[in-house]
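Colleague: Got a structure for you, data10.cif, holding mmCIF, C-alpha atoms.
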data_start
#
loop_
_atom_site.group_PDB
_atom_site.id
_atom_site.type_symbol
_atom_site.label_atom_id
_atom_site.label_comp_id
_atom_site.auth_asym_id
_atom_site.auth_seq_id
_atom_site.Cartn_x
_atom_site.Cartn_y
_atom_site.Cartn_z
ATOM 1 C CA MET A 15 77.670 93.910 90.265
ATOM 2 C CA ARG A 16 80.638 92.298 92.026
ATOM 3 C CA GLN A 17 82.555 91.718 88.775
ATOM 4 C CA LYS A 18 81.762 95.235 87.592
ATOM 5 C CA ILE A 19 83.246 96.632 90.810
ATOM 6 C CA ILE A 20 86.371 94.491 90.395
ATOM 7 C CA ASN A 21 86.806 95.664 86.794
ATOM 8 C CA GLU A 22 86.587 99.293 87.915
ATOM 9 C CA ILE A 23 88.895 99.187 90.928
ATOM 10 C CA GLU A 24 91.493 96.516 90.188
ATOM 11 C CA PRO A 25 93.532 98.808 87.890
ATOM 12 C CA ILE A 26 93.668 101.412 90.683
ATOM 13 C CA ILE A 27 94.704 98.798 93.242
ATOM 14 C CA ASN A 28 97.410 97.417 90.943
ATOM 15 C CA GLY A 29 98.553 100.937 90.025
ATOM 16 C CA MET A 30 99.169 101.660 93.700
ATOM 17 C CA GLY A 31 101.353 98.553 93.970
ATOM 18 C CA PHE A 32 98.880 96.126 95.552
ATOM 19 C CA MET A 33 97.078 92.960 94.491
ATOM 20 C CA LEU A 34 93.377 92.359 95.054
ATOM 21 C CA VAL A 35 93.004 89.222 97.171
ATOM 22 C CA GLU A 36 89.281 89.321 97.853
ATOM 23 C CA LEU A 37 86.254 91.533 97.323
ATOM 24 C CA LYS A 38 82.987 91.043 99.165
ATOM 25 C CA PHE A 39 79.902 92.990 98.197
ATOM 26 C CA GLY A 40 76.714 93.097 100.207
ATOM 27 C CA ARG A 41 73.577 95.147 100.647
ATOM 28 C CA SER A 42 71.409 95.970 103.595
ATOM 29 C CA ARG A 43 68.298 98.118 103.772
ATOM 30 C CA LYS A 44 70.206 101.303 104.510
ATOM 31 C CA GLN A 45 73.536 100.883 102.716
ATOM 32 C CA GLN A 46 75.800 98.829 100.523
ATOM 33 C CA HIS A 47 79.022 97.390 101.872
ATOM 34 C CA ILE A 48 82.234 96.609 99.999
ATOM 35 C CA SER A 49 85.041 94.826 101.802
ATOM 36 C CA ILE A 50 88.386 94.632 100.011
ATOM 37 C CA ILE A 51 91.448 92.671 101.030
ATOM 38 C CA ILE A 52 94.727 93.767 99.458
ATOM 39 C CA TYR A 53 98.262 92.417 99.529
ATOM 40 C CA ARG A 54 101.810 93.241 98.541
ATOM 41 C CA PRO A 55 104.902 91.278 99.545
ATOM 42 C CA GLU A 56 106.508 94.200 101.399
ATOM 43 C CA SER A 57 103.509 94.383 103.785
ATOM 44 C CA VAL A 58 100.264 96.301 104.041
ATOM 45 C CA GLY A 59 99.815 98.843 106.815
ATOM 46 C CA VAL A 60 96.963 100.939 108.122
ATOM 47 C CA ASN A 61 98.162 103.966 106.134
ATOM 48 C CA ASP A 62 98.171 101.879 102.942
ATOM 49 C CA CYS A 63 94.574 100.831 103.546
ATOM 50 C CA ALA A 64 93.533 104.426 104.241
ATOM 51 C CA ALA A 65 95.265 105.731 101.092
ATOM 52 C CA LEU A 66 93.682 103.062 98.933
ATOM 53 C CA SER A 67 90.264 103.706 100.435
ATOM 54 C CA LYS A 68 90.650 107.424 99.727
ATOM 55 C CA ASN A 69 91.491 106.667 96.077
ATOM 56 C CA LEU A 70 88.815 104.015 95.530
ATOM 57 C CA LYS A 71 85.796 105.674 97.116
ATOM 58 C CA PRO A 72 85.331 108.421 94.472
ATOM 59 C CA ARG A 73 85.601 105.824 91.683
ATOM 60 C CA LEU A 74 83.101 103.533 93.364
ATOM 61 C CA GLU A 75 80.640 106.402 93.840
ATOM 62 C CA LEU A 76 80.560 106.846 90.052
ATOM 63 C CA ILE A 77 79.243 103.318 89.509
ATOM 64 C CA GLU A 78 75.517 103.390 88.855
ATOM 65 C CA GLY A 79 73.586 101.497 91.498
ATOM 66 C CA LEU A 80 76.067 102.027 94.340
ATOM 67 C CA ASP A 81 74.394 104.306 96.866
ATOM 68 C CA LYS A 82 75.193 104.964 100.530
ATOM 69 C CA LEU A 83 78.389 103.020 100.250
ATOM 70 C CA ARG A 84 80.466 101.726 103.150
ATOM 71 C CA LEU A 85 83.998 100.751 102.100
ATOM 72 C CA GLU A 86 86.419 98.685 104.154
ATOM 73 C CA VAL A 87 89.999 98.021 103.026
ATOM 74 C CA SER A 88 92.241 95.625 104.952
ATOM 75 C CA SER A 89 95.244 93.310 104.714
ATOM 76 C CA PRO A 90 94.965 89.508 104.595
ATOM 77 C CA GLY A 91 96.248 89.083 108.137
ATOM 78 C CA LEU A 92 98.883 86.705 109.444
ATOM 79 C CA LYS A 93 96.768 83.522 109.365
ATOM 80 C CA ARG A 94 94.429 84.085 106.429
ATOM 81 C CA VAL A 95 92.602 81.005 105.212
ATOM 82 C CA ILE A 96 93.399 80.630 101.522
ATOM 83 C CA LYS A 97 90.119 80.605 99.633
ATOM 84 C CA SER A 98 91.111 80.175 95.982
ATOM 85 C CA ARG A 99 93.858 78.783 93.786
ATOM 86 C CA ASN A 100 94.679 82.306 92.662
ATOM 87 C CA GLU A 101 95.642 83.180 96.242
ATOM 88 C CA TYR A 102 98.480 80.647 96.108
ATOM 89 C CA LYS A 103 99.902 82.708 93.224
ATOM 90 C CA ILE A 104 99.367 85.960 95.110
ATOM 91 C CA PHE A 105 101.077 84.611 98.235
ATOM 92 C CA LYS A 106 104.036 83.030 96.425
ATOM 93 C CA GLY A 107 107.048 83.273 98.740
ATOM 94 C CA ARG A 108 104.916 83.210 101.898
ATOM 95 C CA GLY A 109 104.642 80.446 104.465
ATOM 96 C CA VAL A 110 101.568 78.241 104.420
ATOM 97 C CA HIS A 111 100.161 75.486 106.631
ATOM 98 C CA ILE A 112 98.127 72.861 104.806
ATOM 99 C CA PHE A 113 95.574 70.382 106.132
ATOM 100 C CA LEU A 114 95.080 67.395 103.851
ATOM 101 C CA ASN A 115 91.833 65.642 102.943
ATOM 102 C CA ASP A 116 92.642 62.504 104.935
ATOM 103 C CA GLY A 117 91.734 64.511 108.053
ATOM 104 C CA HIS A 118 94.969 63.744 109.889
ATOM 105 C CA SER A 119 97.914 64.856 107.778
ATOM 106 C CA GLN A 120 99.318 68.353 107.806
ATOM 107 C CA CYS A 121 102.317 69.961 106.162
ATOM 108 C CA GLY A 122 103.789 73.364 105.646
ATOM 109 C CA GLY A 123 106.445 75.339 103.866
ATOM 110 C CA ILE A 124 107.028 78.306 101.605
ATOM 111 C CA ILE A 125 104.897 78.546 98.459
ATOM 112 C CA THR A 126 107.358 78.396 95.569
ATOM 113 C CA ASP A 127 105.206 77.731 92.505
ATOM 114 C CA ILE A 128 102.201 76.062 90.928
ATOM 115 C CA LYS A 129 102.741 73.417 88.251
ATOM 116 C CA GLY A 130 99.468 72.335 86.694
ATOM 117 C CA GLU A 131 97.394 70.793 89.488
ATOM 118 C CA THR A 132 100.259 70.754 91.991
ATOM 119 C CA LEU A 133 101.324 73.275 94.613
ATOM 120 C CA LEU A 134 105.077 73.323 95.223
ATOM 121 C CA LEU A 135 106.334 74.023 98.740
ATOM 122 C CA ASP A 136 109.861 74.546 100.026
ATOM 123 C CA LYS A 137 110.433 73.067 103.478
ATOM 124 C CA ASP A 138 114.026 73.458 104.680
ATOM 125 C CA GLY A 139 115.376 73.455 101.118
ATOM 126 C CA GLN A 140 113.363 70.403 100.049
ATOM 127 C CA ILE A 141 110.672 70.975 97.399
ATOM 128 C CA THR A 142 107.459 69.005 97.907
ATOM 129 C CA GLY A 143 104.494 68.808 95.549
ATOM 130 C CA ILE A 144 100.928 68.628 96.845
ATOM 131 C CA LYS A 145 97.980 68.004 94.548
ATOM 132 C CA PHE A 146 95.254 70.618 94.933
ATOM 133 C CA ASP A 147 92.690 67.821 95.151
ATOM 134 C CA ASP A 148 94.455 66.594 98.313
ATOM 135 C CA ILE A 149 94.185 69.958 100.101
ATOM 136 C CA ARG A 150 91.272 70.307 102.519
ATOM 137 C CA LYS A 151 92.256 73.678 103.957
ATOM 138 C CA ALA A 152 95.261 75.999 103.901
ATOM 139 C CA ARG A 153 96.191 79.146 105.744
ATOM 140 C CA LEU A 154 99.074 81.566 105.757
ATOM 141 C CA ASP A 155 101.591 80.748 108.460
ATOM 142 C CA TYR A 156 104.435 83.185 109.035
ATOM 143 C CA THR A 157 106.201 80.673 111.288
ATOM 144 C CA GLU A 158 107.047 78.668 108.164
ATOM 145 C CA GLU A 159 109.041 81.681 106.956
ATOM 146 C CA VAL A 160 111.311 81.754 110.012
ATOM 147 C CA SER A 161 114.281 79.402 109.989
ATOM 148 C CA GLU A 162 115.499 78.065 113.294
#
Translate the structure described by the file into structure tokens.
Modeller:
Amino acid sequence: MRQKIINEIEPIINGMGFMLVELKFGRSRKQQHISIIIYRPESVGVNDCAALSKNLKPRLELIEGLDKLRLEVSSPGLKRVIKSRNEYKIFKGRGVHIFLNDGHSQCGGIITDIKGETLLLDKDGQITGIKFDDIRKARLDYTEEVSE
């Protein structure tokens, strides 16, 4: 069902100038819940989330099997934990803080690109490559975007 929902709503999300970061789908006894996280480089505000919700809800209600639907649309937030490789592409140009697998090392910078199995970061004009296998955890960090 999750993939079917994505296939139905992603064109609407993209058409309104946003990217789908994450979709969670769950059911309880009384209702079904869809939580969507959207992003665009210029920012995502409350009015953007409300407009997208207004446009998505009628489309979602047409999907067979979705009854008593609760829809939540939000932005990724300032310190979102990056959950997939695709998110590095989505957040290209944003600051990130990375915790490495050795348990002690950390680094940060601006996401510039992905080359094969390597994430490229710009830290003060110096490009550094980090293998995805070496990353334990990463989160957005707007402080990496501010030069001192």
Colleague: Which of these, A:Lys82, A:His118, A:Lys93, A:Lys68, has the shortest distance to A:Tyr156 once you count only C-alpha atoms?
Modeller: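 Between A:Lys82, A:His118, A:Lys93, A:Lys68, the residue approaching A:Tyr156 most closely is A:Lys93.
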Colleague: Find the residues near A:Ile141: any atom within 9 Å, counting all atoms listed in the file, skip ones fewer than 6 places away on the same chain, and give them as a list in words.
Modeller: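 Once the nearby chain positions are removed, what remains is Gly123, Thr126, Leu134 and Leu135 of chain A.
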Colleague: Would you compute an axis-aligned box for stretch 110-119 of chain A, covering every atom listed for it in the file with 8 Å of margin on each side, and report centre and edge lengths in Å to one decimal as JSON?
Modeller:
{"center_x": 96.7, "center_y": 70.4, "center_z": 106.4, "size_x": 25.8, "size_y": 31.7, "size_z": 22.9}
Colleague: If you count all atoms listed in the file, which residues fall within 12 Å of A:Gly31, apart from same-chain ones fewer than 2 positions away, as a PyMOL selection string?
Modeller: chain A and resi 24-29+33-34+52-58+62-63+65-66
Colleague: Could you state the separation of atom CA of A:Leu80 and atom CA of A:Ile96 in Å, given to one decimal place?
Modeller: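 Value for the atom CA of A:Leu80-atom CA of A:Ile96 distance: 28.5 Å.
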Colleague: As a ChimeraX atom specification, please: the residues near A:Ile50 (cut-off 12 Å, only C-alpha atoms, same-chain neighbours under 2 positions excluded).
Modeller: /A:16,19-20,23-24,27,32-40,47-48,52-53,63-64,66-67,70-71,84-90
Colleague: Hey, can you spit out that residue selection with C-alpha atoms as a short mmCIF file (atom, residue, chain, number, x, y, z; two decimals), in the frame of the given file?
Modeller:
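Dumped everything to again.cif:
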data_model
loop_
_atom_site.label_atom_id
_atom_site.label_comp_id
_atom_site.auth_asym_id
_atom_site.auth_seq_id
_atom_site.Cartn_x
_atom_site.Cartn_y
_atom_site.Cartn_z
CA ARG A 16 80.64 92.30 92.03
CA ILE A 19 83.25 96.63 90.81
CA ILE A 20 86.37 94.49 90.40
CA ILE A 23 88.90 99.19 90.93
CA GLU A 24 91.49 96.52 90.19
CA ILE A 27 94.70 98.80 93.24
CA PHE A 32 98.88 96.13 95.55
CA MET A 33 97.08 92.96 94.49
CA LEU A 34 93.38 92.36 95.05
CA VAL A 35 93.00 89.22 97.17
CA GLU A 36 89.28 89.32 97.85
CA LEU A 37 86.25 91.53 97.32
CA LYS A 38 82.99 91.04 99.16
CA PHE A 39 79.90 92.99 98.20
CA GLY A 40 76.71 93.10 100.21
CA HIS A 47 79.02 97.39 101.87
CA ILE A 48 82.23 96.61 100.00
CA ILE A 52 94.73 93.77 99.46
CA TYR A 53 98.26 92.42 99.53
CA CYS A 63 94.57 100.83 103.55
CA ALA A 64 93.53 104.43 104.24
CA LEU A 66 93.68 103.06 98.93
CA SER A 67 90.26 103.71 100.44
CA LEU A 70 88.82 104.02 95.53
CA LYS A 71 85.80 105.67 97.12
CA ARG A 84 80.47 101.73 103.15
CA LEU A 85 84.00 100.75 102.10
CA GLU A 86 86.42 98.68 104.15
CA VAL A 87 90.00 98.02 103.03
CA SER A 88 92.24 95.62 104.95
CA SER A 89 95.24 93.31 104.71
CA PRO A 90 94.96 89.51 104.60
#
Colleague: What's the separation between atom CA of A:Thr142 and atom CA of A:Gly91, in Å to one decimal place?
Modeller: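 Computing the Euclidean distance for atom CA of A:Thr142 and atom CA of A:Gly91 yields 25.2 Å.
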Colleague: Please compute the atom CA of A:Glu158-atom CA of A:Ser98 distance, one decimal, in Å.
Modeller: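 So the two atoms, atom CA of A:Glu158 and atom CA of A:Ser98, lie 20.1 Å apart.
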Colleague: Quick one: apply the PyMOL selection byres ((chain A and resi 111) around 12) to the file and drop the selected residues here as a PyMOL selection string.
Modeller: chain A and resi 92-96+102+108-110+112-114+119-125+135-137+144+149-159
Colleague: When distances are computed from all atoms listed in the file, which of A:Met30, A:Arg99, A:Gly79, A:Ile104 shows the smallest separation from A:Phe146?
Modeller: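 For A:Phe146, the nearest of the candidates is A:Arg99.
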Colleague: Measuring atom to atom with only C-alpha atoms, identify which of A:Lys97, A:Arg73, A:Lys44, A:Lys145 is nearest to A:Asn21.
Modeller: A:Arg73
Colleague: I need the residue nearest A:Gly143 from this list: A:Lys18, A:Arg41, A:Lys129, A:Lys103. Use only C-alpha atoms for the distance.
Modeller: A:Lys129
